[in-house]
Amino acid sequence: MGFSCGIVGLPNVGKSTLFNALTATAMADAANYPFCTIDPNIGRVFVPDERLFSLAKIASSKEILPAQLSFVDIAGIVRGASSGEGLGNKFLATIRETDAILHVVRCFDDNDVIHVNGVVDPISDIETIETELLLADLESVEGRFPGVEKKAKSGDAVAKELLPLLTSVLEVLKSGQLACKTSVSDSQRSLLKQLQLLTSKPVLYVCNVAEKDVCTHNEYIKRVLKRAAGAPVVVISAAIESEIALLDSEQDKSDFLSGIGLKEAGLNKVIRQGYNLLDLITYFTVGPKEARAWTIKKGMKAPAAAGVIHSDFERGFICAETVFWNDYVEFDGEQKAKQAGKIRLEGKEYVVQDGDIMHFRFNV
Ligand SMILES: Nc1nc2c(ncn2[C@@H]2O[C@H](COP(=O)(O)OP(=O)(O)OP(=O)(O)O)[C@@H](O)[C@H]2O)c(=O)[nH]1
Ligand SMILES: [Mg+2]
């Protein structure tokens, strides 16, 4: 699935409307009744990146292949889901494997759209969802605990390492705090990630607002911003986004956006923020055949980055001819960039930067 974000929220807050707009398909039914979504939907989206188009133009690339991110849309969660309320919490299992959580919060008034609690209250909604995620995590950790404890006692090395972590996570969850609050050593960090706990994943809050509030913001958004305490928040109107997504030409889209006072589609903000949230960066490969964006984790060294294209590139890595995308554009392509001394030869220890254009040399 690649890198992915799981969409959570109460029923009827606009998750599927957002998902549909994101994937610009009618794959998920968006309808005005709670629990409209039953089976989880997975959609892949292109990560918008103007740089790639500039590069492709200069290189006259036949194909343009942007980076991709997956979104998973699941059924709404209600208070008590962990004990079977609503549709229960079994759908949460689908997003355990995702890398981040996109939490959609209803910040619009509309008497025609039913709110499961009868009143629009973003903070109470966020708390309901977070409690349910926490309870699902508690259930999962408590379920694993006896087995791991038994194995650790019999001397199993992996279980012995896991047990102290499970003990601390359990304590944190039982005290009503999210798993991300667990203090972990560096060596435990990847172990914690492997537990796939919902409340240890990074969160992006998406405020779904009425059209008139997209530019000006409303009181609900202010409350969410305060509650998010530094976690990223994006404001969109899912209803508008789904209308924009149906427009064919880029010109129509930008006309529509400027008509309501926006510079860019909210979807782009959601995708970009999701990308940032996952600590991802992009490097490019450019040629007449294709211009392509590759996704890597921030801090990755050149051989590992090459391995994203093909394992042979990593195994037989020699060096990487590298030019920053901006220099490539400024000097109108590889040749002139080379003449200007902008092409670097980077070795095994080079940490790839966002926006690098790489040409790997390898030998296997
Ligand atoms: N007024 C208004 N209505 C919206 C907006 N976003 C979604 N809706 C409406 O709210 C209803 C529910 O939207 P969905 O996207 O199906 O909600 P959901 O969160 O996926 O709901 P479940 O799948 O039941 O959990 C639909 O009738 C949408 O048209 C919005 O920004 N403004
Ligand atoms: Mg839905």
# chains A, B, ... in the order shown; residues from 1 in each chain; ligands from 1
$ residues_around --residues "Leu277 in chain A" --least-positions-apart "5" --cutoff "9 Å" --atoms "only C-alpha atoms" --output "compact mmCIF listing (two decimals) with N, CA, C and O atoms, in the first residue's frame"
# COMPACT_ATOMS: atom_id res chain seq x y z
N ALA A 100 -0.44 7.00 9.57
CA ALA A 100 -0.89 8.20 10.27
C ALA A 100 -2.40 8.24 10.30
O ALA A 100 -3.07 7.52 9.55
N PRO A 202 1.01 9.53 14.33
CA PRO A 202 0.84 10.98 14.21
C PRO A 202 -0.56 11.32 13.69
O PRO A 202 -1.14 10.54 12.93
N VAL A 203 -1.10 12.46 14.14
CA VAL A 203 -2.48 12.84 13.77
C VAL A 203 -2.52 14.16 13.02
O VAL A 203 -1.82 15.11 13.35
N LEU A 204 -3.35 14.19 11.99
CA LEU A 204 -3.67 15.45 11.31
C LEU A 204 -5.16 15.68 11.49
O LEU A 204 -5.97 14.82 11.15
N PRO A 232 -0.82 19.33 13.58
CA PRO A 232 -1.30 20.05 12.40
C PRO A 232 -2.82 19.99 12.22
O PRO A 232 -3.45 18.98 12.53
N ARG A 272 -0.49 17.26 1.26
CA ARG A 272 0.86 17.73 1.62
C ARG A 272 1.13 17.58 3.10
O ARG A 272 2.19 17.13 3.52
$ residues_around --residues "Thr285 in chain A" --least-positions-apart "5" --cutoff "10 Å" --atoms "only C-alpha atoms" --output "list in words"
Leu52, Leu55, Ala56, Leu65, Glu290, Ala291, Arg292, Ala293, Trp294, Ile309, Thr322, Asp356, Ile357, Met358, His359 and Phe360 of chain A
$ write_last_selection --atoms "N, CA and C atoms" --output "PDB file, in the first residue's frame"
ATOM      1  N   LEU A  52       7.862  18.820 -10.149  1.00  0.00           N
ATOM      2  CA  LEU A  52       7.957  17.686 -11.076  1.00  0.00           C
ATOM      3  C   LEU A  52       7.553  18.103 -12.491  1.00  0.00           C
ATOM      4  N   LEU A  55      10.292  20.117 -14.179  1.00  0.00           N
ATOM      5  CA  LEU A  55      11.393  19.253 -14.601  1.00  0.00           C
ATOM      6  C   LEU A  55      11.021  18.481 -15.866  1.00  0.00           C
ATOM      7  N   ALA A  56       9.803  17.962 -15.872  1.00  0.00           N
ATOM      8  CA  ALA A  56       9.352  17.164 -17.017  1.00  0.00           C
ATOM      9  C   ALA A  56       9.316  18.004 -18.288  1.00  0.00           C
ATOM     10  N   LEU A  65       5.303  10.853 -13.424  1.00  0.00           N
ATOM     11  CA  LEU A  65       4.837   9.961 -12.365  1.00  0.00           C
ATOM     12  C   LEU A  65       5.033  10.580 -10.990  1.00  0.00           C
ATOM     13  N   GLU A 290      10.755   9.411 -18.668  1.00  0.00           N
ATOM     14  CA  GLU A 290       9.826   9.797 -17.599  1.00  0.00           C
ATOM     15  C   GLU A 290      10.475  10.738 -16.591  1.00  0.00           C
ATOM     16  N   ALA A 291       9.605  11.538 -15.976  1.00  0.00           N
ATOM     17  CA  ALA A 291      10.016  12.346 -14.822  1.00  0.00           C
ATOM     18  C   ALA A 291       9.252  11.763 -13.658  1.00  0.00           C
ATOM     19  N   ARG A 292       9.967  11.394 -12.610  1.00  0.00           N
ATOM     20  CA  ARG A 292       9.298  10.651 -11.554  1.00  0.00           C
ATOM     21  C   ARG A 292       9.701  11.137 -10.170  1.00  0.00           C
ATOM     22  N   ALA A 293       8.720  11.198  -9.286  1.00  0.00           N
ATOM     23  CA  ALA A 293       8.977  11.584  -7.896  1.00  0.00           C
ATOM     24  C   ALA A 293       9.035  10.317  -7.055  1.00  0.00           C
ATOM     25  N   TRP A 294      10.052  10.217  -6.233  1.00  0.00           N
ATOM     26  CA  TRP A 294      10.212   9.045  -5.361  1.00  0.00           C
ATOM     27  C   TRP A 294      10.097   9.485  -3.912  1.00  0.00           C
ATOM     28  N   ILE A 309      14.061   2.503  -5.669  1.00  0.00           N
ATOM     29  CA  ILE A 309      13.832   2.252  -7.094  1.00  0.00           C
ATOM     30  C   ILE A 309      14.038   0.767  -7.390  1.00  0.00           C
ATOM     31  N   THR A 322      24.106  14.193  -8.639  1.00  0.00           N
ATOM     32  CA  THR A 322      22.986  14.876  -7.998  1.00  0.00           C
ATOM     33  C   THR A 322      22.951  16.357  -8.370  1.00  0.00           C
ATOM     34  N   ASP A 356      16.175  16.929  -4.496  1.00  0.00           N
ATOM     35  CA  ASP A 356      17.346  16.475  -5.250  1.00  0.00           C
ATOM     36  C   ASP A 356      16.895  15.707  -6.485  1.00  0.00           C
ATOM     37  N   ILE A 357      17.638  15.899  -7.588  1.00  0.00           N
ATOM     38  CA  ILE A 357      17.448  15.021  -8.749  1.00  0.00           C
ATOM     39  C   ILE A 357      18.631  14.066  -8.725  1.00  0.00           C
ATOM     40  N   MET A 358      18.361  12.773  -8.749  1.00  0.00           N
ATOM     41  CA  MET A 358      19.437  11.800  -8.574  1.00  0.00           C
ATOM     42  C   MET A 358      19.582  10.927  -9.818  1.00  0.00           C
ATOM     43  N   HIS A 359      20.853  10.676 -10.148  1.00  0.00           N
ATOM     44  CA  HIS A 359      21.125   9.673 -11.173  1.00  0.00           C
ATOM     45  C   HIS A 359      22.113   8.698 -10.547  1.00  0.00           C
ATOM     46  N   PHE A 360      21.658   7.494 -10.262  1.00  0.00           N
ATOM     47  CA  PHE A 360      22.499   6.544  -9.523  1.00  0.00           C
ATOM     48  C   PHE A 360      23.420   5.757 -10.455  1.00  0.00           C
TER      49      PHE A 360
END
$ select_by_dssp --residues "range 204-309 of chain A" --states "strand (DSSP E or B)" --output "PyMOL selection string"
chain A and resi 204-208+233-236+280-286+290-297+301
$ write_last_selection --atoms "N, CA, C and O atoms" --output "mmCIF file, in the first residue's frame"
data_model
loop_
_atom_site.group_PDB
_atom_site.id
_atom_site.type_symbol
_atom_site.label_atom_id
_atom_site.label_comp_id
_atom_site.auth_asym_id
_atom_site.auth_seq_id
_atom_site.Cartn_x
_atom_site.Cartn_y
_atom_site.Cartn_z
ATOM 1 N N LEU A 204 -3.353 14.195 11.989
ATOM 2 C CA LEU A 204 -3.671 15.448 11.306
ATOM 3 C C LEU A 204 -5.160 15.678 11.492
ATOM 4 O O LEU A 204 -5.972 14.821 11.147
ATOM 5 N N TYR A 205 -5.523 16.816 12.095
ATOM 6 C CA TYR A 205 -6.945 17.138 12.256
ATOM 7 C C TYR A 205 -7.433 17.870 11.018
ATOM 8 O O TYR A 205 -6.777 18.789 10.529
ATOM 9 N N VAL A 206 -8.573 17.429 10.514
ATOM 10 C CA VAL A 206 -9.172 18.110 9.364
ATOM 11 C C VAL A 206 -10.513 18.677 9.804
ATOM 12 O O VAL A 206 -11.435 17.930 10.144
ATOM 13 N N CYS A 207 -10.604 20.010 9.841
ATOM 14 C CA CYS A 207 -11.871 20.648 10.201
ATOM 15 C C CYS A 207 -12.709 20.747 8.940
ATOM 16 O O CYS A 207 -12.314 21.402 7.977
ATOM 17 N N ASN A 208 -13.855 20.119 8.951
ATOM 18 C CA ASN A 208 -14.762 20.210 7.808
ATOM 19 C C ASN A 208 -15.756 21.335 8.078
ATOM 20 O O ASN A 208 -16.586 21.243 8.979
ATOM 21 N N VAL A 233 -3.378 21.128 11.773
ATOM 22 C CA VAL A 233 -4.814 21.238 11.528
ATOM 23 C C VAL A 233 -5.010 21.810 10.125
ATOM 24 O O VAL A 233 -4.366 22.784 9.763
ATOM 25 N N VAL A 234 -5.872 21.189 9.336
ATOM 26 C CA VAL A 234 -6.186 21.726 8.015
ATOM 27 C C VAL A 234 -7.678 22.027 7.976
ATOM 28 O O VAL A 234 -8.482 21.240 8.473
ATOM 29 N N VAL A 235 -8.018 23.184 7.409
ATOM 30 C CA VAL A 235 -9.424 23.558 7.298
ATOM 31 C C VAL A 235 -9.872 23.371 5.846
ATOM 32 O O VAL A 235 -9.244 23.896 4.935
ATOM 33 N N ILE A 236 -10.935 22.604 5.669
ATOM 34 C CA ILE A 236 -11.449 22.404 4.315
ATOM 35 C C ILE A 236 -12.971 22.397 4.351
ATOM 36 O O ILE A 236 -13.565 22.281 5.407
ATOM 37 N N LEU A 280 8.095 12.450 5.285
ATOM 38 C CA LEU A 280 8.523 11.999 3.970
ATOM 39 C C LEU A 280 9.090 13.145 3.159
ATOM 40 O O LEU A 280 8.663 14.289 3.323
ATOM 41 N N ILE A 281 10.050 12.836 2.316
ATOM 42 C CA ILE A 281 10.530 13.820 1.350
ATOM 43 C C ILE A 281 10.564 13.184 -0.031
ATOM 44 O O ILE A 281 10.392 11.977 -0.175
ATOM 45 N N THR A 282 10.802 14.026 -1.015
ATOM 46 C CA THR A 282 10.765 13.571 -2.403
ATOM 47 C C THR A 282 12.090 13.819 -3.097
ATOM 48 O O THR A 282 12.667 14.887 -2.952
ATOM 49 N N TYR A 283 12.570 12.827 -3.819
ATOM 50 C CA TYR A 283 13.651 13.117 -4.765
ATOM 51 C C TYR A 283 13.146 12.737 -6.152
ATOM 52 O O TYR A 283 12.129 12.043 -6.285
ATOM 53 N N PHE A 284 13.826 13.231 -7.179
ATOM 54 C CA PHE A 284 13.334 13.018 -8.538
ATOM 55 C C PHE A 284 14.324 12.240 -9.388
ATOM 56 O O PHE A 284 15.534 12.299 -9.147
ATOM 57 N N THR A 285 13.792 11.529 -10.372
ATOM 58 C CA THR A 285 14.625 11.055 -11.477
ATOM 59 C C THR A 285 14.004 11.656 -12.732
ATOM 60 O O THR A 285 12.783 11.686 -12.865
ATOM 61 N N VAL A 286 14.859 12.169 -13.611
ATOM 62 C CA VAL A 286 14.351 12.890 -14.775
ATOM 63 C C VAL A 286 15.041 12.437 -16.040
ATOM 64 O O VAL A 286 16.276 12.335 -16.076
ATOM 65 N N GLU A 290 10.755 9.411 -18.668
ATOM 66 C CA GLU A 290 9.826 9.797 -17.599
ATOM 67 C C GLU A 290 10.475 10.738 -16.591
ATOM 68 O O GLU A 290 11.683 10.755 -16.409
ATOM 69 N N ALA A 291 9.605 11.538 -15.976
ATOM 70 C CA ALA A 291 10.016 12.346 -14.822
ATOM 71 C C ALA A 291 9.252 11.763 -13.658
ATOM 72 O O ALA A 291 8.030 11.632 -13.713
ATOM 73 N N ARG A 292 9.967 11.394 -12.610
ATOM 74 C CA ARG A 292 9.298 10.651 -11.554
ATOM 75 C C ARG A 292 9.701 11.137 -10.170
ATOM 76 O O ARG A 292 10.861 11.474 -9.927
ATOM 77 N N ALA A 293 8.720 11.198 -9.286
ATOM 78 C CA ALA A 293 8.977 11.584 -7.896
ATOM 79 C C ALA A 293 9.035 10.317 -7.055
ATOM 80 O O ALA A 293 8.172 9.443 -7.183
ATOM 81 N N TRP A 294 10.052 10.217 -6.233
ATOM 82 C CA TRP A 294 10.212 9.045 -5.361
ATOM 83 C C TRP A 294 10.097 9.485 -3.912
ATOM 84 O O TRP A 294 10.629 10.527 -3.530
ATOM 85 N N THR A 295 9.417 8.677 -3.135
ATOM 86 C CA THR A 295 9.186 9.026 -1.736
ATOM 87 C C THR A 295 10.165 8.297 -0.818
ATOM 88 O O THR A 295 10.294 7.083 -0.903
ATOM 89 N N ILE A 296 10.821 9.058 0.036
ATOM 90 C CA ILE A 296 11.689 8.417 1.042
ATOM 91 C C ILE A 296 11.471 9.081 2.394
ATOM 92 O O ILE A 296 10.916 10.177 2.488
ATOM 93 N N LYS A 297 11.917 8.403 3.439
ATOM 94 C CA LYS A 297 11.886 8.976 4.782
ATOM 95 C C LYS A 297 12.983 10.037 4.875
ATOM 96 O O LYS A 297 14.075 9.866 4.342
ATOM 97 N N LYS A 301 19.968 7.888 3.605
ATOM 98 C CA LYS A 301 21.202 8.074 2.838
ATOM 99 C C LYS A 301 21.023 7.575 1.408
ATOM 100 O O LYS A 301 20.126 6.774 1.125
#
$ residues_around --residues "range 215-226 of chain A" --least-positions-apart "2" --cutoff "12 Å" --atoms "only C-alpha atoms" --output "number ranges by chain"
A: 103-109, 120-127, 204-213, 228-237, 257-266
$ write_last_selection --atoms "N, CA and C atoms" --output "short mmCIF file (atom, residue, chain, number, x, y, z; two decimals), in the first residue's frame"
data_model
loop_
_atom_site.label_atom_id
_atom_site.label_comp_id
_atom_site.auth_asym_id
_atom_site.auth_seq_id
_atom_site.Cartn_x
_atom_site.Cartn_y
_atom_site.Cartn_z
N HIS A 103 -7.93 12.81 11.24
CA HIS A 103 -9.11 12.87 12.09
C HIS A 103 -10.04 13.98 11.59
N VAL A 104 -11.16 13.59 10.99
CA VAL A 104 -12.09 14.58 10.44
C VAL A 104 -13.06 15.03 11.52
N VAL A 105 -13.14 16.35 11.70
CA VAL A 105 -13.98 16.91 12.76
C VAL A 105 -15.04 17.80 12.13
N ARG A 106 -16.28 17.56 12.49
CA ARG A 106 -17.37 18.38 11.93
C ARG A 106 -17.35 19.76 12.55
N CYS A 107 -17.14 20.77 11.70
CA CYS A 107 -17.14 22.16 12.16
C CYS A 107 -18.16 22.97 11.37
N PHE A 108 -19.18 22.29 10.85
CA PHE A 108 -20.22 23.04 10.12
C PHE A 108 -21.58 22.77 10.75
N ASP A 109 -22.42 23.82 10.71
CA ASP A 109 -23.82 23.65 11.13
C ASP A 109 -24.64 23.35 9.90
N VAL A 120 -23.48 19.99 17.33
CA VAL A 120 -22.12 20.12 16.80
C VAL A 120 -21.20 20.61 17.91
N ASP A 121 -20.26 19.78 18.30
CA ASP A 121 -19.34 20.14 19.37
C ASP A 121 -18.00 19.45 19.10
N PRO A 122 -17.12 20.15 18.37
CA PRO A 122 -15.89 19.50 17.90
C PRO A 122 -15.03 18.90 19.02
N ILE A 123 -14.95 19.58 20.14
CA ILE A 123 -14.06 19.08 21.20
C ILE A 123 -14.59 17.77 21.78
N SER A 124 -15.89 17.77 22.06
CA SER A 124 -16.48 16.55 22.58
C SER A 124 -16.36 15.42 21.54
N ASP A 125 -16.49 15.76 20.26
CA ASP A 125 -16.36 14.76 19.19
C ASP A 125 -14.94 14.19 19.17
N ILE A 126 -13.96 15.08 19.25
CA ILE A 126 -12.56 14.61 19.23
C ILE A 126 -12.31 13.68 20.41
N GLU A 127 -12.83 14.10 21.58
CA GLU A 127 -12.61 13.27 22.76
C GLU A 127 -13.27 11.90 22.64
N LEU A 204 -3.35 14.19 11.99
CA LEU A 204 -3.67 15.45 11.31
C LEU A 204 -5.16 15.68 11.49
N TYR A 205 -5.52 16.82 12.10
CA TYR A 205 -6.95 17.14 12.26
C TYR A 205 -7.43 17.87 11.02
N VAL A 206 -8.57 17.43 10.51
CA VAL A 206 -9.17 18.11 9.36
C VAL A 206 -10.51 18.68 9.80
N CYS A 207 -10.60 20.01 9.84
CA CYS A 207 -11.87 20.65 10.20
C CYS A 207 -12.71 20.75 8.94
N ASN A 208 -13.86 20.12 8.95
CA ASN A 208 -14.76 20.21 7.81
C ASN A 208 -15.76 21.34 8.08
N VAL A 209 -15.63 22.42 7.31
CA VAL A 209 -16.44 23.62 7.58
C VAL A 209 -17.41 23.93 6.45
N ALA A 210 -18.31 24.86 6.72
CA ALA A 210 -19.23 25.33 5.69
C ALA A 210 -18.45 26.19 4.71
N GLU A 211 -18.97 26.26 3.49
CA GLU A 211 -18.29 27.01 2.43
C GLU A 211 -17.90 28.42 2.86
N LYS A 212 -18.84 29.08 3.56
CA LYS A 212 -18.60 30.49 3.92
C LYS A 212 -17.45 30.65 4.94
N ASP A 213 -17.08 29.58 5.61
CA ASP A 213 -16.05 29.67 6.65
C ASP A 213 -14.66 29.25 6.18
N ALA A 228 -5.75 20.91 19.51
CA ALA A 228 -4.71 20.19 18.78
C ALA A 228 -3.33 20.43 19.39
N ALA A 229 -3.20 21.53 20.10
CA ALA A 229 -1.97 21.86 20.82
C ALA A 229 -0.71 21.62 19.98
N GLY A 230 -0.70 22.22 18.80
CA GLY A 230 0.51 22.14 17.98
C GLY A 230 0.46 21.05 16.92
N ALA A 231 -0.43 20.07 17.07
CA ALA A 231 -0.57 19.06 16.00
C ALA A 231 -1.16 19.78 14.78
N PRO A 232 -0.82 19.33 13.58
CA PRO A 232 -1.30 20.05 12.40
C PRO A 232 -2.82 19.99 12.22
N VAL A 233 -3.38 21.13 11.77
CA VAL A 233 -4.81 21.24 11.53
C VAL A 233 -5.01 21.81 10.13
N VAL A 234 -5.87 21.19 9.34
CA VAL A 234 -6.19 21.73 8.01
C VAL A 234 -7.68 22.03 7.98
N VAL A 235 -8.02 23.18 7.41
CA VAL A 235 -9.42 23.56 7.30
C VAL A 235 -9.87 23.37 5.85
N ILE A 236 -10.93 22.60 5.67
CA ILE A 236 -11.45 22.40 4.32
C ILE A 236 -12.97 22.40 4.35
N SER A 237 -13.59 22.53 3.19
CA SER A 237 -15.00 22.23 3.11
C SER A 237 -15.11 21.02 2.19
N LEU A 257 -11.89 28.10 -7.45
CA LEU A 257 -11.21 28.41 -6.20
C LEU A 257 -11.11 29.91 -5.97
N SER A 258 -10.69 30.64 -7.00
CA SER A 258 -10.53 32.08 -6.80
C SER A 258 -11.89 32.74 -6.60
N GLY A 259 -12.93 32.13 -7.19
CA GLY A 259 -14.29 32.61 -6.98
C GLY A 259 -14.70 32.62 -5.51
N ILE A 260 -14.18 31.65 -4.74
CA ILE A 260 -14.53 31.61 -3.32
C ILE A 260 -13.38 32.12 -2.45
N GLY A 261 -12.37 32.67 -3.10
CA GLY A 261 -11.29 33.32 -2.34
C GLY A 261 -10.16 32.41 -1.91
N LEU A 262 -10.02 31.27 -2.58
CA LEU A 262 -8.95 30.34 -2.22
C LEU A 262 -7.86 30.28 -3.29
N LYS A 263 -6.63 30.04 -2.85
CA LYS A 263 -5.52 29.94 -3.81
C LYS A 263 -5.37 28.50 -4.30
N GLU A 264 -5.57 27.56 -3.41
CA GLU A 264 -5.39 26.17 -3.82
C GLU A 264 -6.44 25.28 -3.17
N ALA A 265 -6.66 24.13 -3.77
CA ALA A 265 -7.65 23.20 -3.24
C ALA A 265 -7.22 22.72 -1.86
N GLY A 266 -8.21 22.57 -0.99
CA GLY A 266 -7.94 22.09 0.36
C GLY A 266 -7.34 20.70 0.34
#
$ closest_atom_pairs --of "range 191-227 of chain A" --to "range 152-165 of chain A" --cutoff "10 Å" --atoms "only C-alpha atoms" --output "tab-separated table"
residue	atom	partner	partner_atom	distance
A:Leu191	CA	A:Leu162	CA	7.4
A:Leu192	CA	A:Leu165	CA	7.5
A:Leu195	CA	A:Leu162	CA	9.7
$ closest_residue --among "A:Thr199, A:Ser70, A:Gln251, A:Ser311" --to "Phe362 in chain A" --atoms "only C-alpha atoms"
A:Ser311
$ residues_around --residues "range 332-334 of chain A" --least-positions-apart "5" --cutoff "12 Å" --atoms "only C-alpha atoms" --output "ChimeraX atom specification"
/A:54-61,285-288,321-327,339-344,357-359
$ residues_around --residues "Glu85 in chain A" --least-positions-apart "6" --cutoff "12 Å" --atoms "only C-alpha atoms" --output "PyMOL selection string"
chain A and resi 35+76-79+132
$ write_last_selection --atoms "N, CA and C atoms" --output "short mmCIF file (atom, residue, chain, number, x, y, z; two decimals), in the first residue's frame"
data_model
loop_
_atom_site.label_atom_id
_atom_site.label_comp_id
_atom_site.auth_asym_id
_atom_site.auth_seq_id
_atom_site.Cartn_x
_atom_site.Cartn_y
_atom_site.Cartn_z
N PHE A 35 -23.38 5.98 9.14
CA PHE A 35 -22.95 4.62 8.81
C PHE A 35 -23.16 4.27 7.35
N GLY A 76 -17.85 5.32 10.44
CA GLY A 76 -17.79 6.22 11.58
C GLY A 76 -17.79 5.45 12.90
N ILE A 77 -17.18 6.08 13.90
CA ILE A 77 -17.08 5.46 15.22
C ILE A 77 -17.95 6.27 16.18
N VAL A 78 -18.70 5.61 17.03
CA VAL A 78 -19.50 6.33 18.02
C VAL A 78 -19.02 6.01 19.43
N ARG A 79 -19.49 6.81 20.39
CA ARG A 79 -19.15 6.51 21.79
C ARG A 79 -19.64 5.11 22.13
N GLU A 132 -12.27 6.16 22.03
CA GLU A 132 -12.52 4.88 21.36
C GLU A 132 -11.23 4.29 20.79
#
$ select_by_dssp --residues "range 15-150 of chain A" --states "alpha helix (DSSP H)" --output "ChimeraX atom specification"
/A:15-23,50-59,92-96,122-150
$ atom_distance --atom1 "atom 15 (O, counted along the ligand's line) of ligand 1" --atom2 "CA of Phe19 in chain A"
7.7 Å
$ residues_around --residues "Arg315 in chain A" --least-positions-apart "4" --cutoff "10 Å" --atoms "only C-alpha atoms" --output "list in words"
Pro303, Ala304, Ala306, Gly307, His310, Ser311, Phe362, Asn363 and Val364 of chain A
$ atom_distance --atom1 "CA of Val172 in chain A" --atom2 "CA of Cys5 in chain A"
24.2 Å
$ atom_distance --atom1 "CA of Lys348 in chain A" --atom2 "CA of Glu314 in chain A"
9.7 Å
$ decode --residues "range 193-225 of chain A" --atoms "C-alpha atoms" --output "PDB file, in the first residue's frame"
ATOM      1  CA  LYS A 193       5.673   1.290  15.956  1.00  0.00           C
ATOM      2  CA  GLN A 194       5.404  -2.417  15.277  1.00  0.00           C
ATOM      3  CA  LEU A 195       2.632  -2.663  17.867  1.00  0.00           C
ATOM      4  CA  GLN A 196       0.545  -0.602  15.398  1.00  0.00           C
ATOM      5  CA  LEU A 197      -1.319   1.196  18.139  1.00  0.00           C
ATOM      6  CA  LEU A 198      -3.785   3.747  16.843  1.00  0.00           C
ATOM      7  CA  THR A 199      -2.970   6.339  19.477  1.00  0.00           C
ATOM      8  CA  SER A 200       0.758   6.180  18.807  1.00  0.00           C
ATOM      9  CA  LYS A 201       0.363   7.354  15.218  1.00  0.00           C
ATOM     10  CA  PRO A 202       0.842  10.976  14.206  1.00  0.00           C
ATOM     11  CA  VAL A 203      -2.475  12.836  13.773  1.00  0.00           C
ATOM     12  CA  LEU A 204      -3.671  15.448  11.306  1.00  0.00           C
ATOM     13  CA  TYR A 205      -6.945  17.138  12.256  1.00  0.00           C
ATOM     14  CA  VAL A 206      -9.172  18.110   9.364  1.00  0.00           C
ATOM     15  CA  CYS A 207     -11.871  20.648  10.201  1.00  0.00           C
ATOM     16  CA  ASN A 208     -14.762  20.210   7.808  1.00  0.00           C
ATOM     17  CA  VAL A 209     -16.441  23.619   7.584  1.00  0.00           C
ATOM     18  CA  ALA A 210     -19.234  25.327   5.690  1.00  0.00           C
ATOM     19  CA  GLU A 211     -18.294  27.009   2.425  1.00  0.00           C
ATOM     20  CA  LYS A 212     -18.596  30.493   3.925  1.00  0.00           C
ATOM     21  CA  ASP A 213     -16.054  29.673   6.648  1.00  0.00           C
ATOM     22  CA  VAL A 214     -13.291  28.298   4.462  1.00  0.00           C
ATOM     23  CA  CYS A 215     -11.461  31.613   4.255  1.00  0.00           C
ATOM     24  CA  THR A 216     -12.517  33.311   7.455  1.00  0.00           C
ATOM     25  CA  HIS A 217     -12.508  30.443   9.945  1.00  0.00           C
ATOM     26  CA  ASN A 218     -15.159  30.032  12.628  1.00  0.00           C
ATOM     27  CA  GLU A 219     -15.432  29.538  16.367  1.00  0.00           C
ATOM     28  CA  TYR A 220     -15.341  25.719  16.050  1.00  0.00           C
ATOM     29  CA  ILE A 221     -11.993  25.858  14.274  1.00  0.00           C
ATOM     30  CA  LYS A 222     -10.502  28.039  16.991  1.00  0.00           C
ATOM     31  CA  ARG A 223     -11.465  25.406  19.539  1.00  0.00           C
ATOM     32  CA  VAL A 224      -9.937  22.609  17.483  1.00  0.00           C
ATOM     33  CA  LEU A 225      -6.709  24.564  17.021  1.00  0.00           C
TER      34      LEU A 225
END
